[in-house]
>>> print(open('input-v5.cif').read())   # mmCIF, C-alpha atoms and all ligand atoms
data_data
#
loop_
_atom_site.group_PDB
_atom_site.id
_atom_site.type_symbol
_atom_site.label_atom_id
_atom_site.label_comp_id
_atom_site.auth_asym_id
_atom_site.auth_seq_id
_atom_site.Cartn_x
_atom_site.Cartn_y
_atom_site.Cartn_z
ATOM 1 C CA MET A 231 98.561 111.064 102.940
ATOM 2 C CA VAL A 232 95.232 109.817 101.676
ATOM 3 C CA ARG A 233 95.110 109.788 97.894
ATOM 4 C CA PRO A 234 92.136 109.322 95.619
ATOM 5 C CA ILE A 235 92.106 105.858 94.115
ATOM 6 C CA VAL A 236 90.765 106.613 90.665
ATOM 7 C CA ASP A 237 91.450 105.826 87.023
ATOM 8 C CA ALA A 238 93.551 102.908 85.887
ATOM 9 C CA GLY A 239 96.597 103.781 87.977
ATOM 10 C CA THR A 240 100.159 102.870 87.075
ATOM 11 C CA GLY A 241 100.280 99.907 84.742
ATOM 12 C CA GLU A 242 102.011 96.730 85.807
ATOM 13 C CA GLU A 243 104.191 96.873 82.693
ATOM 14 C CA THR A 244 105.667 100.115 84.086
ATOM 15 C CA TRP A 245 106.527 98.430 87.392
ATOM 16 C CA ARG A 246 107.955 95.381 85.639
ATOM 17 C CA ALA A 247 110.273 97.603 83.583
ATOM 18 C CA TRP A 248 111.638 99.322 86.712
ATOM 19 C CA PRO A 249 115.110 97.991 87.572
ATOM 20 C CA ALA A 250 115.169 99.051 91.261
ATOM 21 C CA PRO A 251 113.464 96.011 92.853
ATOM 22 C CA ALA A 252 116.225 93.727 91.573
ATOM 23 C CA THR A 253 118.677 95.778 93.671
ATOM 24 C CA TRP A 254 116.699 95.686 96.928
ATOM 25 C CA PRO A 255 118.013 93.417 99.679
ATOM 26 C CA VAL A 256 116.120 90.173 100.108
ATOM 27 C CA LEU A 257 114.102 89.824 103.327
ATOM 28 C CA ASP A 258 115.711 87.259 105.629
ATOM 29 C CA LEU A 259 113.103 84.613 106.450
ATOM 30 C CA ALA A 260 115.434 82.554 108.618
ATOM 31 C CA GLY A 261 115.197 84.542 111.875
ATOM 32 C CA PRO A 262 112.176 85.592 113.926
ATOM 33 C CA ALA A 263 109.718 84.384 111.292
ATOM 34 C CA ARG A 264 110.811 80.822 112.030
ATOM 35 C CA THR A 265 110.399 80.970 115.791
ATOM 36 C CA ALA A 266 107.100 82.826 116.285
ATOM 37 C CA PRO A 267 104.391 83.003 113.636
ATOM 38 C CA PRO A 268 104.248 86.516 112.194
ATOM 39 C CA LEU A 269 101.025 88.377 112.882
ATOM 40 C CA VAL A 270 99.612 89.691 109.611
ATOM 41 C CA VAL A 271 97.205 92.570 110.281
ATOM 42 C CA VAL A 272 95.056 93.852 107.430
ATOM 43 C CA PRO A 273 92.218 96.342 107.055
ATOM 44 C CA HIS A 274 90.088 94.350 104.595
ATOM 45 C CA PRO A 275 89.646 90.702 103.660
ATOM 46 C CA ASP A 276 91.990 90.186 100.639
ATOM 47 C CA ASP A 277 94.773 92.633 101.629
ATOM 48 C CA GLU A 278 96.647 89.783 103.324
ATOM 49 C CA VAL A 279 96.689 87.821 100.088
ATOM 50 C CA LEU A 280 97.382 90.719 97.727
ATOM 51 C CA GLY A 281 100.199 92.130 99.854
ATOM 52 C CA VAL A 282 101.951 89.128 101.365
ATOM 53 C CA GLY A 283 100.089 85.989 100.288
ATOM 54 C CA GLY A 284 103.267 84.505 98.878
ATOM 55 C CA LEU A 285 105.186 85.214 102.079
ATOM 56 C CA VAL A 286 102.435 83.595 104.143
ATOM 57 C CA ALA A 287 102.499 80.521 101.895
ATOM 58 C CA MET A 288 106.282 80.261 102.268
ATOM 59 C CA LEU A 289 106.021 80.457 106.061
ATOM 60 C CA ALA A 290 103.443 77.673 106.193
ATOM 61 C CA ASP A 291 106.074 74.940 106.416
ATOM 62 C CA GLY A 292 107.668 76.662 109.439
ATOM 63 C CA ALA A 293 106.016 78.556 112.259
ATOM 64 C CA GLY A 294 103.148 79.580 109.975
ATOM 65 C CA ALA A 295 101.381 82.918 110.267
ATOM 66 C CA GLU A 296 98.367 84.317 112.073
ATOM 67 C CA ILE A 297 95.989 86.645 110.271
ATOM 68 C CA THR A 298 94.004 89.464 111.896
ATOM 69 C CA VAL A 299 91.410 91.047 109.611
ATOM 70 C CA VAL A 300 90.289 94.348 111.104
ATOM 71 C CA THR A 301 87.080 95.036 109.137
ATOM 72 C CA ASP A 302 84.821 92.764 107.114
ATOM 73 C CA GLY A 303 85.115 94.962 104.032
ATOM 74 C CA GLU A 304 81.349 95.469 103.931
ATOM 75 C CA ALA A 305 81.743 98.886 102.249
ATOM 76 C CA SER A 306 83.345 97.524 99.077
ATOM 77 C CA HIS A 307 80.137 97.969 97.048
ATOM 78 C CA PRO A 308 78.131 100.911 98.360
ATOM 79 C CA GLY A 309 74.786 100.947 96.578
ATOM 80 C CA SER A 310 75.037 97.317 95.495
ATOM 81 C CA THR A 311 71.786 96.069 94.008
ATOM 82 C CA VAL A 312 72.691 92.491 94.929
ATOM 83 C CA TYR A 313 73.974 92.429 98.503
ATOM 84 C CA ALA A 314 73.359 94.474 101.633
ATOM 85 C CA PRO A 315 76.521 95.406 103.570
ATOM 86 C CA ALA A 316 75.823 92.764 106.248
ATOM 87 C CA GLU A 317 75.581 90.076 103.574
ATOM 88 C CA LEU A 318 78.842 91.235 101.995
ATOM 89 C CA ALA A 319 80.525 91.118 105.401
ATOM 90 C CA GLY A 320 79.633 87.441 105.778
ATOM 91 C CA ILE A 321 80.699 86.635 102.230
ATOM 92 C CA ARG A 322 84.024 88.394 102.625
ATOM 93 C CA ARG A 323 84.813 86.713 105.960
ATOM 94 C CA ALA A 324 84.227 83.340 104.367
ATOM 95 C CA GLU A 325 86.327 84.222 101.310
ATOM 96 C CA THR A 326 89.285 85.146 103.507
ATOM 97 C CA VAL A 327 89.073 81.880 105.422
ATOM 98 C CA THR A 328 89.037 79.957 102.135
ATOM 99 C CA ALA A 329 91.908 82.037 100.734
ATOM 100 C CA CYS A 330 94.030 81.653 103.858
ATOM 101 C CA GLY A 331 93.413 77.905 103.779
ATOM 102 C CA ARG A 332 94.933 77.873 100.288
ATOM 103 C CA LEU A 333 98.028 79.561 101.771
ATOM 104 C CA GLY A 334 98.303 76.877 104.446
ATOM 105 C CA VAL A 335 96.741 78.935 107.253
ATOM 106 C CA PRO A 336 93.997 77.101 109.167
ATOM 107 C CA ALA A 337 90.718 78.847 109.979
ATOM 108 C CA SER A 338 91.700 78.788 113.668
ATOM 109 C CA ALA A 339 94.584 81.172 112.844
ATOM 110 C CA VAL A 340 92.326 83.725 111.115
ATOM 111 C CA GLU A 341 90.725 86.315 113.368
ATOM 112 C CA HIS A 342 88.064 88.884 112.429
ATOM 113 C CA LEU A 343 87.859 91.990 114.609
ATOM 114 C CA GLY A 344 84.726 93.397 112.958
ATOM 115 C CA HIS A 345 85.583 97.086 113.029
ATOM 116 C CA PRO A 346 83.358 99.121 110.680
ATOM 117 C CA ASP A 347 84.760 99.301 107.136
ATOM 118 C CA GLY A 348 85.838 102.932 106.777
ATOM 119 C CA GLY A 349 85.537 103.559 110.539
ATOM 120 C CA ILE A 350 88.421 101.752 112.239
ATOM 121 C CA ASP A 351 88.810 102.502 115.946
ATOM 122 C CA GLU A 352 92.567 103.092 115.938
ATOM 123 C CA PRO A 353 93.183 103.261 119.721
ATOM 124 C CA ALA A 354 91.155 100.083 120.306
ATOM 125 C CA LEU A 355 93.024 98.343 117.513
ATOM 126 C CA ALA A 356 96.396 99.429 118.919
ATOM 127 C CA ASP A 357 95.391 97.988 122.303
ATOM 128 C CA ALA A 358 94.213 94.724 120.753
ATOM 129 C CA LEU A 359 97.470 94.322 118.829
ATOM 130 C CA THR A 360 99.555 95.221 121.867
ATOM 131 C CA ALA A 361 97.986 92.257 123.648
ATOM 132 C CA ARG A 362 98.982 89.929 120.789
ATOM 133 C CA LEU A 363 102.567 91.068 120.093
ATOM 134 C CA THR A 364 105.808 90.174 121.840
ATOM 135 C CA PRO A 365 109.378 91.506 121.504
ATOM 136 C CA GLY A 366 110.877 90.636 118.140
ATOM 137 C CA ARG A 367 107.693 89.089 116.743
ATOM 138 C CA TRP A 368 106.933 90.238 113.227
ATOM 139 C CA CYS A 369 103.845 92.369 112.724
ATOM 140 C CA VAL A 370 103.210 92.512 108.970
ATOM 141 C CA THR A 371 100.703 95.155 107.964
ATOM 142 C CA THR A 372 99.645 97.758 105.412
ATOM 143 C CA TRP A 373 102.013 100.715 104.997
ATOM 144 C CA ARG A 374 101.098 103.912 106.874
ATOM 145 C CA GLY A 375 101.461 105.871 103.624
ATOM 146 C CA ASP A 376 99.462 103.510 101.373
ATOM 147 C CA GLY A 377 96.943 106.168 100.363
ATOM 148 C CA HIS A 378 93.751 104.443 101.582
ATOM 149 C CA PRO A 379 92.422 105.703 104.943
ATOM 150 C CA ASP A 380 91.818 102.205 106.386
ATOM 151 C CA HIS A 381 95.204 100.944 105.221
ATOM 152 C CA GLU A 382 96.929 103.898 106.854
ATOM 153 C CA ALA A 383 94.901 103.619 110.086
ATOM 154 C CA VAL A 384 95.813 99.946 110.482
ATOM 155 C CA GLY A 385 99.465 100.713 109.727
ATOM 156 C CA ARG A 386 99.503 103.458 112.368
ATOM 157 C CA ALA A 387 97.834 101.275 115.011
ATOM 158 C CA ALA A 388 100.260 98.445 114.282
ATOM 159 C CA ALA A 389 103.214 100.818 114.475
ATOM 160 C CA ASP A 390 101.953 102.037 117.831
ATOM 161 C CA ALA A 391 101.578 98.463 119.123
ATOM 162 C CA CYS A 392 105.082 97.577 117.878
ATOM 163 C CA ARG A 393 106.530 100.593 119.692
ATOM 164 C CA ARG A 394 104.838 99.486 122.915
ATOM 165 C CA THR A 395 105.837 95.823 122.695
ATOM 166 C CA GLY A 396 109.170 95.747 120.880
ATOM 167 C CA ALA A 397 107.657 93.752 118.018
ATOM 168 C CA THR A 398 109.096 94.333 114.539
ATOM 169 C CA LEU A 399 106.962 96.285 112.085
ATOM 170 C CA LEU A 400 107.022 95.210 108.447
ATOM 171 C CA GLU A 401 104.778 97.319 106.209
ATOM 172 C CA PHE A 402 103.597 96.411 102.731
ATOM 173 C CA PRO A 403 102.154 98.559 99.948
ATOM 174 C CA VAL A 404 98.880 97.671 98.236
ATOM 175 C CA TRP A 405 97.317 100.789 96.710
ATOM 176 C CA THR A 406 100.752 102.446 96.439
ATOM 177 C CA TRP A 407 101.250 100.418 93.261
ATOM 178 C CA HIS A 408 98.194 102.202 91.874
ATOM 179 C CA TRP A 409 98.922 105.872 92.633
ATOM 180 C CA ALA A 410 102.716 105.886 92.767
ATOM 181 C CA GLU A 411 105.191 105.601 89.938
ATOM 182 C CA PRO A 412 108.715 104.153 89.947
ATOM 183 C CA ASP A 413 111.078 106.292 92.075
ATOM 184 C CA GLU A 414 108.084 108.134 93.596
ATOM 185 C CA PRO A 415 109.753 110.391 96.203
ATOM 186 C CA ASP A 416 107.018 109.884 98.855
ATOM 187 C CA VAL A 417 107.590 106.132 99.056
ATOM 188 C CA PRO A 418 110.391 104.849 101.367
ATOM 189 C CA TRP A 419 112.043 102.655 98.736
ATOM 190 C CA HIS A 420 115.287 102.796 100.752
ATOM 191 C CA ARG A 421 113.522 100.640 103.368
ATOM 192 C CA ALA A 422 112.230 98.143 100.800
ATOM 193 C CA ARG A 423 113.025 94.453 101.067
ATOM 194 C CA ARG A 424 112.159 91.932 98.403
ATOM 195 C CA ILE A 425 110.603 88.535 99.034
ATOM 196 C CA ASP A 426 111.353 86.236 96.104
ATOM 197 C CA LEU A 427 108.461 83.812 95.829
ATOM 198 C CA THR A 428 108.860 80.155 95.095
ATOM 199 C CA VAL A 429 106.847 78.646 92.255
ATOM 200 C CA ALA A 430 104.671 76.891 94.844
ATOM 201 C CA ALA A 431 104.071 80.155 96.750
ATOM 202 C CA ARG A 432 103.084 81.957 93.561
ATOM 203 C CA SER A 433 100.572 79.311 92.642
ATOM 204 C CA ALA A 434 99.158 79.225 96.193
ATOM 205 C CA LYS A 435 98.818 83.009 96.080
ATOM 206 C CA GLN A 436 96.985 82.853 92.754
ATOM 207 C CA ALA A 437 94.647 80.187 94.122
ATOM 208 C CA ALA A 438 94.012 82.386 97.175
ATOM 209 C CA ILE A 439 93.242 85.432 95.010
ATOM 210 C CA ASP A 440 90.756 83.309 93.073
ATOM 211 C CA ALA A 441 88.827 82.753 96.332
ATOM 212 C CA PHE A 442 87.719 86.410 96.434
ATOM 213 C CA HIS A 443 84.750 86.027 94.101
ATOM 214 C CA SER A 444 83.021 89.121 95.496
ATOM 215 C CA GLN A 445 85.999 91.297 94.585
ATOM 216 C CA ILE A 446 87.380 89.878 91.341
ATOM 217 C CA ARG A 447 84.033 89.422 89.553
ATOM 218 C CA PRO A 448 81.100 91.798 89.182
ATOM 219 C CA LEU A 449 78.307 91.109 91.679
ATOM 220 C CA GLY A 450 75.838 91.956 88.929
ATOM 221 C CA PRO A 451 75.408 94.140 85.839
ATOM 222 C CA ALA A 452 74.828 97.467 87.662
ATOM 223 C CA PRO A 453 77.762 99.920 87.843
ATOM 224 C CA ALA A 454 77.594 99.730 91.667
ATOM 225 C CA ASP A 455 78.274 96.002 91.395
ATOM 226 C CA ALA A 456 81.453 96.224 89.316
ATOM 227 C CA ALA A 457 84.536 94.211 90.258
ATOM 228 C CA ILE A 458 86.778 95.985 92.779
ATOM 229 C CA LEU A 459 89.852 94.115 91.579
ATOM 230 C CA PRO A 460 89.709 94.047 87.766
ATOM 231 C CA PRO A 461 92.516 92.332 85.822
ATOM 232 C CA HIS A 462 94.737 95.421 85.511
ATOM 233 C CA VAL A 463 94.728 95.791 89.319
ATOM 234 C CA LEU A 464 95.245 92.083 89.968
ATOM 235 C CA ALA A 465 98.209 92.122 87.572
ATOM 236 C CA ARG A 466 100.198 94.014 90.219
ATOM 237 C CA PHE A 467 99.826 91.100 92.599
ATOM 238 C CA THR A 468 101.045 88.323 90.341
ATOM 239 C CA ARG A 469 104.691 89.409 90.372
ATOM 240 C CA PRO A 470 107.388 86.903 91.243
ATOM 241 C CA TYR A 471 108.235 88.937 94.339
ATOM 242 C CA GLU A 472 106.545 90.834 97.194
ATOM 243 C CA THR A 473 107.707 94.020 98.875
ATOM 244 C CA VAL A 474 107.870 95.094 102.532
ATOM 245 C CA PHE A 475 109.313 98.170 104.165
ATOM 246 C CA VAL A 476 111.472 97.394 107.193
ATOM 247 C CA PRO A 477 111.898 99.794 110.167
HETATM 248 ZN ZN ZN B 1 92.177 97.094 101.550
#
>>> encode(input="input-v5.cif", output="structure tokens", more="lines below")
Ligand SMILES: [Zn+2]
Amino acid sequence: MVRPIVDAGTGEETWRAWPAPATWPVLDLAGPARTAPPLVVVPHPDDEVLGVGGLVAMLADGAGAEITVVTDGEASHPGSTVYAPAELAGIRRAETVTACGRLGVPASAVEHLGHPDGGIDEPALADALTARLTPGRWCVTTWRGDGHPDHEAVGRAAADACRRTGATLLEFPVWTWHWAEPDEPDVPWHRARRIDLTVAARSAKQAAIDAFHSQIRPLGPAPADAAILPPHVLARFTRPYETVFVP
């Protein structure tokens, strides 16, 4: 269900006070993730870092990870007085390459599909992912119920490709942390797995977040140029753990 992303959302202090995550099983990183690099598929440049940047950093000393970024995120600042959408697209591609580098992912393992931001071609994406996935390979992507239309479209296309190929779908929430509250009945917490991040992974993730200048800082003084990821939003992505939903 697509939900309006407005207001301040649920505060990180509320999530930190919630005891449930400590009871979730820990995701086993010893199996498929060590033999074939997981394919991380995200709608916008920065979702890979916000959602699973720590996981990606922790995989870097094994099989690594490959990153597929579906759009260039050129619609992040409609009406910007500083950048045209095409300029933002170039900036955001470059930011993701820098950020992924800080997670140990080389530029050659980062792919940009260039779908229109807000206009993802779901069948074409499902076909493209089907060509990249193999049985048992992890496909790590935004949750189909995340509340943002692009996040849900990418999750659906990835789920479709996993069904066709026998790959394993792991979905992560991004905007769910904004609109949901602890024990929210529409969120499949029973499928949640926790990824406990090492100190090194947490610092790599923070360094990667810092690469997204166009999102964490205002582009200029106009309201249309405000930061997309202000501190209260970023706070949700500095936890000592990450969350995925398993099939
Ligand atoms: Zn996004």
>>> closest_residue(input="input-v5.cif", among="A:Pro365, A:Gly261, A:Gly309, A:Val404", to="ligand ZN 1 (chain B)", atoms="all atoms listed in the file")
A:Val404
>>> residues_near_ligand(input="input-v5.cif", ligand="ligand ZN 1 (chain B)", cutoff="8 Å", atoms="only C-alpha atoms and all ligand atoms", output="list in words")
Val272, Pro273, His274, Pro275, Asp276, Asp277, Gly303, His378, Asp380, His381, Val404 and Trp405 of chain A
>>> residues_around(input="input-v5.cif", residues="Ala319 of chain A", least_positions_apart="6", cutoff="12 Å", atoms="all atoms listed in the file", output="list in words")
His274, Pro275, Val299, Val300, Thr301, Asp302, Gly303, Glu304, Ala305, Ser306, His307, Tyr313, Glu325, Thr326, His342, Leu343, Gly344, His345, Pro346, Asp347 and Ser444 of chain A
>>> closest_residue(input="input-v5.cif", among="A:Asp416, A:Asp390, A:Glu352, A:Glu411", to="Ala247 of chain A", atoms="all atoms listed in the file")
A:Glu411
>>> atom_distance(input="input-v5.cif", atom1="atom CA of Ile458 of chain A", atom2="atom CA of Gly348 of chain A")
15.7 Å
>>> residues_around(input="input-v5.cif", residues="Arg447 of chain A", least_positions_apart="2", cutoff="8 Å", atoms="all atoms listed in the file", output="count of residues only")
9
>>> build_atoms(input="input-v5.cif", residues="segment 374-398 of chain A", atoms="N, CA and C atoms", output="tab-separated table (two decimals), in the coordinates of the input")
chain	number	residue	atom	x	y	z
A	374	ARG	N	101.76	102.69	106.37
A	374	ARG	CA	101.10	103.91	106.87
A	374	ARG	C	100.91	104.99	105.81
A	375	GLY	N	101.60	104.87	104.69
A	375	GLY	CA	101.46	105.87	103.62
A	375	GLY	C	100.74	105.33	102.40
A	376	ASP	N	99.99	104.23	102.54
A	376	ASP	CA	99.46	103.51	101.37
A	376	ASP	C	98.40	104.27	100.58
A	377	GLY	N	97.86	105.35	101.15
A	377	GLY	CA	96.94	106.17	100.36
A	377	GLY	C	95.47	105.86	100.57
A	378	HIS	N	95.14	104.78	101.25
A	378	HIS	CA	93.75	104.44	101.58
A	378	HIS	C	93.59	104.66	103.08
A	379	PRO	N	92.52	105.37	103.51
A	379	PRO	CA	92.42	105.70	104.94
A	379	PRO	C	92.46	104.48	105.87
A	380	ASP	N	91.80	103.40	105.52
A	380	ASP	CA	91.82	102.20	106.39
A	380	ASP	C	93.21	101.57	106.41
A	381	HIS	N	93.86	101.54	105.28
A	381	HIS	CA	95.20	100.94	105.22
A	381	HIS	C	96.16	101.74	106.10
A	382	GLU	N	96.03	103.06	106.06
A	382	GLU	CA	96.93	103.90	106.85
A	382	GLU	C	96.59	103.81	108.34
A	383	ALA	N	95.30	103.72	108.67
A	383	ALA	CA	94.90	103.62	110.09
A	383	ALA	C	95.43	102.32	110.70
A	384	VAL	N	95.32	101.23	109.97
A	384	VAL	CA	95.81	99.95	110.48
A	384	VAL	C	97.34	99.99	110.62
A	385	GLY	N	98.02	100.59	109.64
A	385	GLY	CA	99.46	100.71	109.73
A	385	GLY	C	99.89	101.53	110.95
A	386	ARG	N	99.17	102.63	111.20
A	386	ARG	CA	99.50	103.46	112.37
A	386	ARG	C	99.27	102.71	113.68
A	387	ALA	N	98.14	102.02	113.78
A	387	ALA	CA	97.83	101.28	115.01
A	387	ALA	C	98.87	100.17	115.24
A	388	ALA	N	99.25	99.51	114.16
A	388	ALA	CA	100.26	98.44	114.28
A	388	ALA	C	101.61	99.03	114.69
A	389	ALA	N	101.95	100.17	114.11
A	389	ALA	CA	103.21	100.82	114.48
A	389	ALA	C	103.21	101.19	115.95
A	390	ASP	N	102.09	101.68	116.42
A	390	ASP	CA	101.95	102.04	117.83
A	390	ASP	C	102.14	100.79	118.72
A	391	ALA	N	101.47	99.70	118.34
A	391	ALA	CA	101.58	98.46	119.12
A	391	ALA	C	103.00	97.92	119.10
A	392	CYS	N	103.69	98.05	117.96
A	392	CYS	CA	105.08	97.58	117.88
A	392	CYS	C	105.98	98.42	118.77
A	393	ARG	N	105.74	99.73	118.80
A	393	ARG	CA	106.53	100.59	119.69
A	393	ARG	C	106.36	100.17	121.14
A	394	ARG	N	105.11	99.84	121.51
A	394	ARG	CA	104.84	99.49	122.92
A	394	ARG	C	105.42	98.13	123.30
A	395	THR	N	105.49	97.21	122.35
A	395	THR	CA	105.84	95.82	122.70
A	395	THR	C	107.24	95.42	122.28
A	396	GLY	N	107.88	96.18	121.40
A	396	GLY	CA	109.17	95.75	120.88
A	396	GLY	C	109.04	94.75	119.74
A	397	ALA	N	107.83	94.58	119.22
A	397	ALA	CA	107.66	93.75	118.02
A	397	ALA	C	108.25	94.50	116.82
A	398	THR	N	108.47	93.77	115.74
A	398	THR	CA	109.10	94.33	114.54
A	398	THR	C	108.04	94.62	113.48
